[in-house]
file run08.tsv (TSV, C-alpha atoms and all ligand atoms)
chain	number	residue	atom	x	y	z
A	1	MET	CA	-78.03	-84.89	19.25
A	2	ALA	CA	-77.34	-88.33	17.71
A	3	VAL	CA	-75.39	-90.76	19.89
A	4	LEU	CA	-71.68	-90.40	19.20
A	5	GLY	CA	-70.73	-93.95	18.36
A	6	ARG	CA	-69.04	-94.71	15.06
A	7	ASP	CA	-72.33	-94.43	13.13
A	8	GLY	CA	-73.19	-91.11	14.74
A	9	ILE	CA	-69.73	-89.78	13.88
A	10	ILE	CA	-70.14	-90.85	10.26
A	11	TYR	CA	-73.55	-89.19	10.15
A	12	TYR	CA	-72.08	-85.85	11.27
A	13	LEU	CA	-68.94	-86.15	9.11
A	14	ASN	CA	-71.26	-86.53	6.13
A	15	GLY	CA	-72.97	-83.26	7.02
A	16	GLY	CA	-76.04	-84.85	8.68
A	17	ASN	CA	-76.66	-81.80	10.87
A	18	ASP	CA	-73.95	-79.12	10.77
A	19	ASP	CA	-75.93	-76.53	12.74
A	20	GLU	CA	-76.45	-78.89	15.64
A	21	LEU	CA	-72.85	-80.17	15.52
A	22	TYR	CA	-71.22	-76.74	15.42
A	23	SER	CA	-73.42	-75.18	18.09
A	24	THR	CA	-72.89	-78.12	20.44
A	25	ALA	CA	-69.12	-77.92	19.88
A	26	ASP	CA	-69.15	-74.15	20.45
A	27	ASN	CA	-71.13	-74.54	23.70
A	28	LEU	CA	-68.75	-77.21	24.96
A	29	ARG	CA	-65.70	-75.09	24.16
A	30	GLN	CA	-67.35	-72.24	26.03
A	31	SER	CA	-68.05	-74.35	29.11
A	32	SER	CA	-64.50	-75.76	29.16
A	33	PHE	CA	-62.52	-72.62	28.33
A	34	GLY	CA	-64.89	-69.64	28.67
A	35	GLN	CA	-63.96	-66.85	26.27
A	36	GLU	CA	-60.24	-67.60	26.32
A	37	VAL	CA	-58.29	-68.59	23.23
A	38	TYR	CA	-54.67	-69.70	23.52
A	39	LEU	CA	-51.97	-68.45	21.17
A	40	ARG	CA	-49.04	-70.74	20.45
A	41	ALA	CA	-46.15	-68.95	18.72
A	42	ILE	CA	-44.27	-71.30	16.39
A	43	VAL	CA	-40.60	-70.88	15.57
A	44	GLU	CA	-39.96	-73.05	12.51
A	45	PHE	CA	-36.22	-73.12	12.99
A	46	SER	CA	-35.18	-75.53	10.24
A	47	ASN	CA	-36.89	-76.72	7.08
A	48	VAL	CA	-34.33	-79.48	6.53
A	49	CYS	CA	-35.89	-82.95	6.73
A	50	ASN	CA	-34.52	-86.44	6.26
A	51	LYS	CA	-37.96	-87.98	5.60
A	52	LYS	CA	-39.93	-88.46	2.40
A	53	CYS	CA	-43.59	-88.03	3.40
A	54	ASN	CA	-45.55	-88.03	0.16
A	55	TYR	CA	-47.81	-85.15	1.20
A	56	CYS	CA	-45.24	-82.66	2.47
A	57	GLY	CA	-43.34	-79.96	0.61
A	58	LEU	CA	-40.36	-80.24	2.95
A	59	ARG	CA	-39.68	-83.90	2.07
A	60	ALA	CA	-35.98	-84.60	1.53
A	61	PRO	CA	-36.22	-85.36	-2.21
A	62	ASN	CA	-37.78	-81.97	-2.97
A	63	SER	CA	-34.82	-80.07	-4.42
A	64	LYS	CA	-36.92	-76.97	-5.12
A	65	VAL	CA	-36.96	-75.94	-1.45
A	66	SER	CA	-34.47	-73.33	-0.40
A	67	ARG	CA	-33.27	-75.00	2.82
A	68	TYR	CA	-32.35	-73.07	5.95
A	69	ARG	CA	-31.19	-73.79	9.46
A	70	MET	CA	-31.43	-71.04	12.05
A	71	GLY	CA	-28.54	-70.64	14.47
A	72	ILE	CA	-29.03	-71.36	18.17
A	73	ASP	CA	-28.92	-67.70	19.20
A	74	GLU	CA	-31.28	-66.74	16.40
A	75	ILE	CA	-33.81	-69.38	17.52
A	76	ILE	CA	-33.67	-68.14	21.11
A	77	GLU	CA	-33.99	-64.55	19.95
A	78	SER	CA	-37.12	-65.32	17.90
A	79	ALA	CA	-38.67	-67.18	20.83
A	80	CYS	CA	-37.88	-64.34	23.21
A	81	MET	CA	-39.30	-61.73	20.84
A	82	ALA	CA	-42.53	-63.72	20.65
A	83	ALA	CA	-42.63	-64.01	24.45
A	84	GLU	CA	-42.06	-60.27	24.82
A	85	ALA	CA	-44.87	-59.63	22.32
A	86	GLY	CA	-47.20	-61.58	24.62
A	87	ALA	CA	-46.97	-65.25	23.59
A	88	ARG	CA	-47.18	-67.61	26.57
A	89	THR	CA	-46.29	-70.76	24.63
A	90	ILE	CA	-43.37	-71.17	22.26
A	91	VAL	CA	-43.46	-74.11	19.84
A	92	LEU	CA	-40.05	-75.15	18.51
A	93	GLN	CA	-40.69	-76.90	15.21
A	94	SER	CA	-38.49	-78.30	12.44
A	95	GLY	CA	-38.39	-81.04	9.86
A	96	ASP	CA	-36.71	-84.26	10.99
A	97	ASP	CA	-33.35	-82.47	11.09
A	98	PHE	CA	-30.96	-84.26	13.38
A	99	SER	CA	-28.06	-81.89	12.84
A	100	TYR	CA	-29.01	-80.08	16.05
A	101	SER	CA	-27.44	-82.06	18.89
A	102	PRO	CA	-29.46	-82.99	22.00
A	103	ALA	CA	-27.26	-80.57	23.95
A	104	GLN	CA	-28.02	-77.73	21.54
A	105	ILE	CA	-31.78	-78.32	21.80
A	106	ALA	CA	-31.38	-78.54	25.59
A	107	ASP	CA	-29.55	-75.22	25.55
A	108	ILE	CA	-32.33	-73.57	23.53
A	109	ILE	CA	-35.01	-74.85	25.92
A	110	SER	CA	-33.12	-73.86	29.09
A	111	ARG	CA	-32.29	-70.38	27.87
A	112	ILE	CA	-35.88	-69.67	26.80
A	113	LYS	CA	-37.25	-70.99	30.10
A	114	GLU	CA	-34.70	-69.03	32.14
A	115	SER	CA	-35.53	-65.72	30.52
A	116	HIS	CA	-39.31	-65.97	30.10
A	117	ASP	CA	-42.26	-67.49	31.92
A	118	VAL	CA	-43.53	-69.46	28.93
A	119	ALA	CA	-44.42	-73.05	28.13
A	120	VAL	CA	-42.16	-74.71	25.55
A	121	THR	CA	-43.59	-77.23	23.10
A	122	LEU	CA	-41.33	-79.46	21.02
A	123	SER	CA	-42.35	-80.47	17.50
A	124	LEU	CA	-39.13	-82.10	16.33
A	125	GLY	CA	-40.27	-85.43	14.92
A	126	ASP	CA	-38.77	-88.83	15.55
A	127	ARG	CA	-35.99	-88.11	18.02
A	128	SER	CA	-35.35	-90.81	20.63
A	129	ALA	CA	-37.32	-91.15	23.88
A	130	ALA	CA	-34.02	-90.66	25.76
A	131	GLU	CA	-33.49	-87.31	24.05
A	132	TYR	CA	-37.04	-86.23	24.79
A	133	LYS	CA	-36.50	-87.21	28.42
A	134	GLN	CA	-33.36	-85.05	28.58
A	135	TRP	CA	-35.30	-82.10	27.15
A	136	PHE	CA	-38.16	-82.64	29.60
A	137	ASN	CA	-35.61	-82.40	32.40
A	138	CYS	CA	-34.46	-79.06	30.94
A	139	GLY	CA	-37.98	-77.71	31.29
A	140	ALA	CA	-39.75	-78.52	28.01
A	141	ASP	CA	-43.46	-78.85	28.81
A	142	ARG	CA	-45.22	-80.30	25.79
A	143	CYS	CA	-44.66	-82.33	22.64
A	144	LEU	CA	-46.48	-82.44	19.36
A	145	LEU	CA	-46.21	-85.70	17.44
A	146	LYS	CA	-48.72	-86.09	14.63
A	147	LEU	CA	-49.85	-89.51	13.51
A	148	GLU	CA	-51.33	-88.00	10.29
A	149	THR	CA	-53.52	-91.13	10.02
A	150	THR	CA	-54.24	-93.84	12.58
A	151	ASP	CA	-54.26	-96.70	10.05
A	152	ALA	CA	-50.90	-98.49	10.09
A	153	ASP	CA	-50.98	-99.39	6.37
A	154	ILE	CA	-51.98	-95.91	5.25
A	155	TYR	CA	-49.31	-94.46	7.55
A	156	GLU	CA	-46.62	-96.55	5.91
A	157	LYS	CA	-47.84	-95.52	2.47
A	158	ILE	CA	-48.17	-91.77	3.02
A	159	ARG	CA	-44.97	-91.52	5.06
A	160	CYS	CA	-43.01	-93.58	2.56
A	161	GLY	CA	-42.07	-96.69	4.53
A	162	GLU	CA	-42.22	-95.31	8.09
A	163	ASN	CA	-43.59	-97.55	10.83
A	164	PHE	CA	-46.83	-96.59	12.61
A	165	HIS	CA	-46.16	-98.76	15.67
A	166	GLU	CA	-42.81	-97.09	16.30
A	167	ARG	CA	-44.49	-93.69	16.12
A	168	MET	CA	-47.15	-94.84	18.59
A	169	GLU	CA	-44.49	-96.21	20.91
A	170	LEU	CA	-42.75	-92.84	20.90
A	171	LEU	CA	-46.04	-91.06	21.59
A	172	ARG	CA	-46.68	-93.32	24.58
A	173	SER	CA	-43.14	-92.72	25.85
A	174	LEU	CA	-43.69	-88.97	25.68
A	175	GLN	CA	-46.82	-89.35	27.81
A	176	GLU	CA	-44.93	-91.53	30.30
A	177	ILE	CA	-42.10	-89.00	30.54
A	178	GLY	CA	-44.70	-86.51	31.72
A	179	TYR	CA	-45.17	-84.26	28.72
A	180	GLU	CA	-48.51	-82.84	27.73
A	181	VAL	CA	-48.83	-84.52	24.35
A	182	GLY	CA	-50.61	-83.43	21.21
A	183	SER	CA	-51.23	-85.39	18.05
A	184	GLY	CA	-53.51	-85.33	15.08
A	185	ILE	CA	-54.19	-86.16	11.48
A	186	ILE	CA	-54.57	-84.62	8.05
A	187	VAL	CA	-58.17	-84.63	6.80
A	188	GLY	CA	-58.74	-85.72	3.21
A	189	LEU	CA	-55.52	-87.49	2.27
A	190	PRO	CA	-55.71	-89.30	-1.10
A	191	ASP	CA	-58.14	-92.27	-1.01
A	192	TYR	CA	-59.52	-91.35	2.43
A	193	THR	CA	-63.00	-92.45	3.47
A	194	VAL	CA	-65.29	-90.96	6.11
A	195	GLU	CA	-65.29	-94.37	7.80
A	196	GLN	CA	-61.52	-94.11	8.18
A	197	LEU	CA	-61.88	-90.57	9.55
A	198	ALA	CA	-64.41	-91.85	12.10
A	199	ASP	CA	-61.87	-94.49	13.15
A	200	ASP	CA	-59.15	-91.80	13.35
A	201	LEU	CA	-61.36	-89.75	15.62
A	202	LEU	CA	-62.15	-92.66	17.92
A	203	PHE	CA	-58.50	-93.72	18.01
A	204	LEU	CA	-57.23	-90.21	18.82
A	205	SER	CA	-59.93	-89.74	21.47
A	206	ASN	CA	-58.78	-92.93	23.20
A	207	LEU	CA	-55.21	-91.69	23.50
A	208	GLU	CA	-56.04	-89.14	26.22
A	209	LEU	CA	-54.33	-86.37	24.30
A	210	ASP	CA	-53.88	-82.87	25.66
A	211	MET	CA	-54.09	-81.50	22.16
A	212	ILE	CA	-55.74	-82.77	18.98
A	213	ALA	CA	-54.97	-81.13	15.65
A	214	ALA	CA	-56.60	-81.75	12.30
A	215	GLY	CA	-56.49	-79.69	9.14
A	216	PRO	CA	-57.42	-80.22	5.50
A	217	PHE	CA	-54.99	-81.82	3.06
A	218	ILE	CA	-53.59	-79.36	0.55
A	219	PRO	CA	-51.68	-80.91	-2.38
A	220	HIS	CA	-48.19	-79.50	-2.79
A	221	PRO	CA	-47.01	-79.19	-6.40
A	222	ASP	CA	-43.54	-80.60	-5.72
A	223	THR	CA	-44.66	-83.84	-4.06
A	224	PRO	CA	-45.94	-87.18	-5.39
A	225	TYR	CA	-49.42	-86.11	-4.24
A	226	SER	CA	-49.51	-83.00	-6.44
A	227	PRO	CA	-52.35	-84.34	-8.64
A	228	ALA	CA	-54.47	-85.38	-5.64
A	229	VAL	CA	-57.77	-83.76	-4.73
A	230	THR	CA	-57.71	-81.07	-2.03
A	231	GLY	CA	-59.22	-82.10	1.32
A	232	ASP	CA	-62.81	-81.08	1.97
A	233	ILE	CA	-62.72	-78.11	4.34
A	234	ASP	CA	-66.23	-78.81	5.64
A	235	ILE	CA	-65.23	-82.32	6.63
A	236	SER	CA	-62.22	-80.81	8.38
A	237	PHE	CA	-64.47	-78.44	10.38
A	238	ARG	CA	-66.76	-81.35	11.23
A	239	PHE	CA	-63.79	-83.43	12.36
A	240	THR	CA	-62.53	-80.80	14.81
A	241	ALA	CA	-66.07	-80.12	16.07
A	242	LEU	CA	-66.52	-83.84	16.73
A	243	ALA	CA	-63.09	-83.94	18.38
A	244	ARG	CA	-64.39	-81.26	20.77
A	245	LEU	CA	-67.49	-83.33	21.54
A	246	LEU	CA	-65.40	-86.38	22.39
A	247	ASN	CA	-62.64	-84.41	24.17
A	248	PRO	CA	-64.27	-81.48	26.02
A	249	PHE	CA	-61.06	-80.35	27.75
A	250	SER	CA	-58.40	-81.00	25.11
A	251	ASN	CA	-56.79	-78.11	23.31
A	252	ILE	CA	-57.90	-78.07	19.67
A	253	PRO	CA	-56.24	-75.65	17.26
A	254	ALA	CA	-57.85	-73.91	14.32
A	255	THR	CA	-54.96	-74.86	12.03
A	256	SER	CA	-53.45	-72.40	9.59
A	257	ALA	CA	-54.28	-74.81	6.73
A	258	LEU	CA	-57.90	-73.67	7.22
A	259	ASP	CA	-56.92	-70.17	6.14
A	260	SER	CA	-55.41	-71.45	2.90
A	261	PHE	CA	-58.96	-72.01	1.62
A	262	ASP	CA	-60.82	-69.12	3.05
A	263	SER	CA	-59.52	-66.08	4.90
A	264	GLU	CA	-62.25	-66.79	7.46
A	265	GLY	CA	-61.12	-70.39	7.95
A	266	ARG	CA	-59.51	-70.02	11.36
A	267	LYS	CA	-62.35	-67.78	12.57
A	268	LYS	CA	-64.87	-70.45	11.63
A	269	GLY	CA	-62.73	-73.04	13.40
A	270	LEU	CA	-62.83	-70.97	16.61
A	271	GLN	CA	-66.61	-70.72	16.32
A	272	ARG	CA	-66.93	-74.47	15.88
A	273	GLY	CA	-65.12	-75.90	18.88
A	274	CYS	CA	-61.45	-74.92	18.45
A	275	ASN	CA	-59.72	-72.94	21.21
A	276	VAL	CA	-56.13	-72.44	19.98
A	277	ILE	CA	-54.37	-70.63	17.15
A	278	MET	CA	-50.75	-71.13	16.22
A	279	PRO	CA	-49.21	-68.11	14.45
A	280	SER	CA	-45.77	-68.53	12.89
A	281	VAL	CA	-43.15	-66.22	14.40
A	282	THR	CA	-40.35	-67.55	12.20
A	283	PRO	CA	-38.21	-64.66	10.96
A	284	VAL	CA	-39.71	-63.15	7.80
A	285	GLY	CA	-36.65	-64.09	5.69
A	286	GLN	CA	-37.16	-67.81	6.34
A	287	ARG	CA	-40.89	-68.04	6.82
A	288	LYS	CA	-41.88	-68.46	3.16
A	289	ASP	CA	-39.43	-71.36	2.83
A	290	TYR	CA	-41.25	-73.35	5.51
A	291	ASN	CA	-43.61	-74.33	2.76
A	292	ILE	CA	-45.23	-77.55	3.92
A	293	TYR	CA	-48.28	-76.93	1.73
A	294	PRO	CA	-49.23	-74.09	-0.65
A	295	GLY	CA	-50.43	-70.97	1.14
A	296	LYS	CA	-48.60	-71.83	4.37
A	297	ASN	CA	-46.82	-68.80	5.82
A	298	SER	CA	-47.80	-66.49	2.97
A	299	VAL	CA	-48.29	-63.57	5.36
A	300	SER	CA	-44.97	-61.95	6.08
A	301	VAL	CA	-45.18	-59.50	8.92
A	302	ASP	CA	-42.73	-59.32	11.81
A	303	VAL	CA	-43.07	-61.14	15.11
A	304	VAL	CA	-44.78	-58.34	17.02
A	305	ASP	CA	-47.25	-57.78	14.17
A	306	THR	CA	-47.91	-61.51	13.89
A	307	ILE	CA	-48.86	-61.76	17.54
A	308	SER	CA	-50.96	-58.61	17.48
A	309	ARG	CA	-52.80	-59.75	14.33
A	310	ALA	CA	-53.55	-63.09	15.97
A	311	GLU	CA	-54.86	-61.25	19.03
A	312	GLU	CA	-57.00	-59.02	16.81
A	313	LEU	CA	-58.50	-62.06	15.11
A	314	VAL	CA	-59.37	-63.48	18.51
A	315	ARG	CA	-60.88	-60.22	19.79
A	316	ALA	CA	-62.87	-59.67	16.59
A	317	LEU	CA	-64.80	-62.81	17.52
A	318	ASP	CA	-65.40	-61.55	21.07
A	319	PHE	CA	-62.94	-64.03	22.48
A	320	ILE	CA	-60.07	-63.09	24.79
A	321	PRO	CA	-56.43	-63.84	23.93
A	322	SER	CA	-55.51	-65.78	27.05
A	323	ALA	CA	-52.88	-64.43	29.38
A	324	SER	CA	-52.26	-67.92	30.73
A	325	LYS	CA	-49.95	-70.58	29.32
A	326	GLY	CA	-52.96	-72.69	28.49
A	327	SER	CA	-51.80	-75.86	30.14
A	328	SER	CA	-53.94	-78.88	29.61
A	329	ARG	CA	-57.24	-78.81	31.46
A	330	ARG	CA	-57.83	-82.41	30.59
A	331	MET	CA	-55.96	-83.86	33.56
A	332	ASN	CA	-57.86	-81.75	36.06
A	333	ASN	CA	-61.18	-82.74	34.65
A	334	VAL	CA	-61.01	-86.41	33.83
A	335	GLN	CA	-63.85	-88.10	35.63
A	401	LIG	N1	-51.61	-80.52	3.66
A	401	LIG	C1	-52.08	-80.29	4.90
A	401	LIG	N2	-51.35	-80.47	6.02
A	401	LIG	C2	-50.10	-80.90	5.85
A	401	LIG	N3	-49.14	-81.16	6.74
A	401	LIG	C3	-48.05	-81.57	6.07
A	401	LIG	N4	-48.28	-81.57	4.75
A	401	LIG	C4	-49.56	-81.17	4.58
A	401	LIG	C5	-50.37	-80.95	3.45
A	401	LIG	N5	-49.93	-81.18	2.21
A	401	LIG	C6	-49.32	-81.03	8.18
A	401	LIG	C7	-48.95	-82.31	8.90
A	401	LIG	C8	-47.67	-81.96	9.60
A	401	LIG	C9	-47.86	-80.48	9.85
A	401	LIG	C10	-46.59	-79.72	10.12
A	401	LIG	O1	-48.47	-80.01	8.67
A	401	LIG	O2	-49.95	-82.64	9.84
A	401	LIG	O3	-47.52	-82.66	10.80
A	402	LIG	FE1	-40.45	-84.10	7.12
A	402	LIG	FE2	-42.49	-83.72	8.78
A	402	LIG	FE3	-42.68	-83.05	6.20
A	402	LIG	FE4	-42.61	-85.65	6.87
A	402	LIG	S1	-44.25	-84.14	7.44
A	402	LIG	S2	-41.42	-84.67	5.19
A	402	LIG	S3	-41.22	-85.59	8.63
A	402	LIG	S4	-41.34	-82.11	7.70

call {"tool": "encode", "arguments": {"input": "run08.tsv", "output": "structure tokens"}}
result
Amino acid sequence: MAVLGRDGIIYYLNGGNDDELYSTADNLRQSSFGQEVYLRAIVEFSNVCNKKCNYCGLRAPNSKVSRYRMGIDEIIESACMAAEAGARTIVLQSGDDFSYSPAQIADIISRIKESHDVAVTLSLGDRSAAEYKQWFNCGADRCLLKLETTDADIYEKIRCGENFHERMELLRSLQEIGYEVGSGIIVGLPDYTVEQLADDLLFLSNLELDMIAAGPFIPHPDTPYSPAVTGDIDISFRFTALARLLNPFSNIPATSALDSFDSEGRKKGLQRGCNVIMPSVTPVGQRKDYNIYPGKNSVSVDVVDTISRAEELVRALDFIPSASKGSSRRMNNVQ
């Protein structure tokens, strides 16, 4: 195996030796997690967003989206249905929609935690550190805050004027509060280079993340990036396999964007170092409107079916859908 400095990473990202890379990543996943794969059930409770990210179908200026906001009880009900169907982690995700008050989010978290023994992950965007602290005190366990790129200039460009350093500061605050924190990037954004991806990988690996997510860029027709070239799925697989090599104990999802290319996409991800899948358990009526990129949420089966299909996918690969919450193993294993 080539040494995994920046040059080694570039060598593998360019397809220098896929067989070696994927088998090493698979072996490492196996020694860290055994046969277990974690399922994270995502409730996408609002597709309203006040941001203008150039890559995302939910961006505020996109008037073609049919916007929805789920009610508090409806959100809790979806989470509880997923928990009853076997999910041990509930991810509460929305666009940057600040119409839900901190007290309402706190109420959702507390009521889910009171009724079910599940981990709750927040993926709510740029809310304040004080709000996140309040939600941590209500029992929220994890946060997901994607950087999308780790280059400050590219960040500002793709997220339409947003500030990378503020995002990083929030990410650090979440770690200080005590959350398990996940982040990640999109692979193959317009004008990307493999050198930049190598830097992204090194940057993310230095952040001591509990979860690292990366999926291929898929141009959305109703965004400024509609004419852009689709991300290279092989580079995306290589990126997550390399993330496994550099972060043996971090959770790494096989993102649903992988399945937009190839119905086997998530399976291949799980065979190449990933150990998590994140099925959407958003009610069928709303799910198709959470259209971040084409192909997202195109399967519309109910919550119980969604969980059992995800479990089937895991079992078909001779993995075991984990009965545990899948808390970070990183902390227990840092040398
Ligand atoms: N292609 C691929 N991934 C995307 N995301 C947003 N837009 C796209 C796209 N066009 C990812 C981002 C975001 C997550 C919800 O989906 O990483 O954080
Ligand atoms: Fe909003 Fe997130 Fe999409 Fe940006 S990526 S437009 S913040 S939903």

call {"tool": "residues_near_ligand", "arguments": {"input": "run08.tsv", "ligand": "ligand LIG 401 (chain A)", "cutoff": "9 Å", "atoms": "all atoms listed in the file", "output": "mmCIF file with C-alpha atoms, keeping the file's coordinate frame"}}
result
data_model
loop_
_atom_site.group_PDB
_atom_site.id
_atom_site.type_symbol
_atom_site.label_atom_id
_atom_site.label_comp_id
_atom_site.auth_asym_id
_atom_site.auth_seq_id
_atom_site.Cartn_x
_atom_site.Cartn_y
_atom_site.Cartn_z
ATOM 1 C CA CYS A 53 -43.590 -88.030 3.400
ATOM 2 C CA ASN A 54 -45.550 -88.030 0.160
ATOM 3 C CA TYR A 55 -47.810 -85.150 1.200
ATOM 4 C CA CYS A 56 -45.240 -82.660 2.470
ATOM 5 C CA GLY A 57 -43.340 -79.960 0.610
ATOM 6 C CA LEU A 58 -40.360 -80.240 2.950
ATOM 7 C CA GLN A 93 -40.690 -76.900 15.210
ATOM 8 C CA SER A 94 -38.490 -78.300 12.440
ATOM 9 C CA GLY A 95 -38.390 -81.040 9.860
ATOM 10 C CA SER A 123 -42.350 -80.470 17.500
ATOM 11 C CA GLY A 125 -40.270 -85.430 14.920
ATOM 12 C CA LEU A 144 -46.480 -82.440 19.360
ATOM 13 C CA LEU A 145 -46.210 -85.700 17.440
ATOM 14 C CA LYS A 146 -48.720 -86.090 14.630
ATOM 15 C CA LEU A 147 -49.850 -89.510 13.510
ATOM 16 C CA GLU A 148 -51.330 -88.000 10.290
ATOM 17 C CA SER A 183 -51.230 -85.390 18.050
ATOM 18 C CA GLY A 184 -53.510 -85.330 15.080
ATOM 19 C CA ILE A 185 -54.190 -86.160 11.480
ATOM 20 C CA ILE A 186 -54.570 -84.620 8.050
ATOM 21 C CA VAL A 187 -58.170 -84.630 6.800
ATOM 22 C CA GLY A 188 -58.740 -85.720 3.210
ATOM 23 C CA LEU A 189 -55.520 -87.490 2.270
ATOM 24 C CA ALA A 213 -54.970 -81.130 15.650
ATOM 25 C CA ALA A 214 -56.600 -81.750 12.300
ATOM 26 C CA GLY A 215 -56.490 -79.690 9.140
ATOM 27 C CA PRO A 216 -57.420 -80.220 5.500
ATOM 28 C CA PHE A 217 -54.990 -81.820 3.060
ATOM 29 C CA ILE A 218 -53.590 -79.360 0.550
ATOM 30 C CA PRO A 219 -51.680 -80.910 -2.380
ATOM 31 C CA HIS A 220 -48.190 -79.500 -2.790
ATOM 32 C CA THR A 223 -44.660 -83.840 -4.060
ATOM 33 C CA TYR A 225 -49.420 -86.110 -4.240
ATOM 34 C CA SER A 226 -49.510 -83.000 -6.440
ATOM 35 C CA THR A 230 -57.710 -81.070 -2.030
ATOM 36 C CA GLY A 231 -59.220 -82.100 1.320
ATOM 37 C CA THR A 255 -54.960 -74.860 12.030
ATOM 38 C CA ALA A 257 -54.280 -74.810 6.730
ATOM 39 C CA ASN A 291 -43.610 -74.330 2.760
ATOM 40 C CA ILE A 292 -45.230 -77.550 3.920
ATOM 41 C CA TYR A 293 -48.280 -76.930 1.730
ATOM 42 C CA PRO A 294 -49.230 -74.090 -0.650
#

call {"tool": "atom_distance", "arguments": {"input": "run08.tsv", "atom1": "CA of Tyr22 (chain A)", "atom2": "CA of Gln271 (chain A)"}}
result
7.6 Å

call {"tool": "closest_residue", "arguments": {"input": "run08.tsv", "among": "A:Asn50, A:Ser128, A:Thr193, A:Thr121", "to": "Leu171 (chain A)", "atoms": "all atoms listed in the file"}}
result
A:Ser128

call {"tool": "atom_distance", "arguments": {"input": "run08.tsv", "atom1": "CA of Pro61 (chain A)", "atom2": "CA of Pro253 (chain A)"}}
result
29.6 Å

call {"tool": "atom_distance", "arguments": {"input": "run08.tsv", "atom1": "CA of Asp141 (chain A)", "atom2": "CA of Arg329 (chain A)"}}
result
14.0 Å

call {"tool": "closest_residue", "arguments": {"input": "run08.tsv", "among": "A:Glu77, A:Asp26, A:Asp7, A:Asp289", "to": "ligand LIG 402 (chain A)", "atoms": "only C-alpha atoms and all ligand atoms"}}
result
A:Asp289

call {"tool": "closest_residue", "arguments": {"input": "run08.tsv", "among": "A:Ser324, A:Asn17, A:Ser46, A:Ser23", "to": "ligand LIG 402 (chain A)", "atoms": "only C-alpha atoms and all ligand atoms"}}
result
A:Ser46

call {"tool": "residues_near_point", "arguments": {"input": "run08.tsv", "point": "(-61.8, -70.2, 10.0)", "cutoff": "12 Å", "atoms": "only C-alpha atoms", "output": "PyMOL selection string"}}
result
chain A and resi 215-216+233-234+236-237+240+253-277+313-314+317

call {"tool": "closest_residue", "arguments": {"input": "run08.tsv", "among": "A:Phe33, A:Tyr179, A:Tyr290, A:Trp135", "to": "ligand LIG 402 (chain A)", "atoms": "all atoms listed in the file"}}
result
A:Tyr290
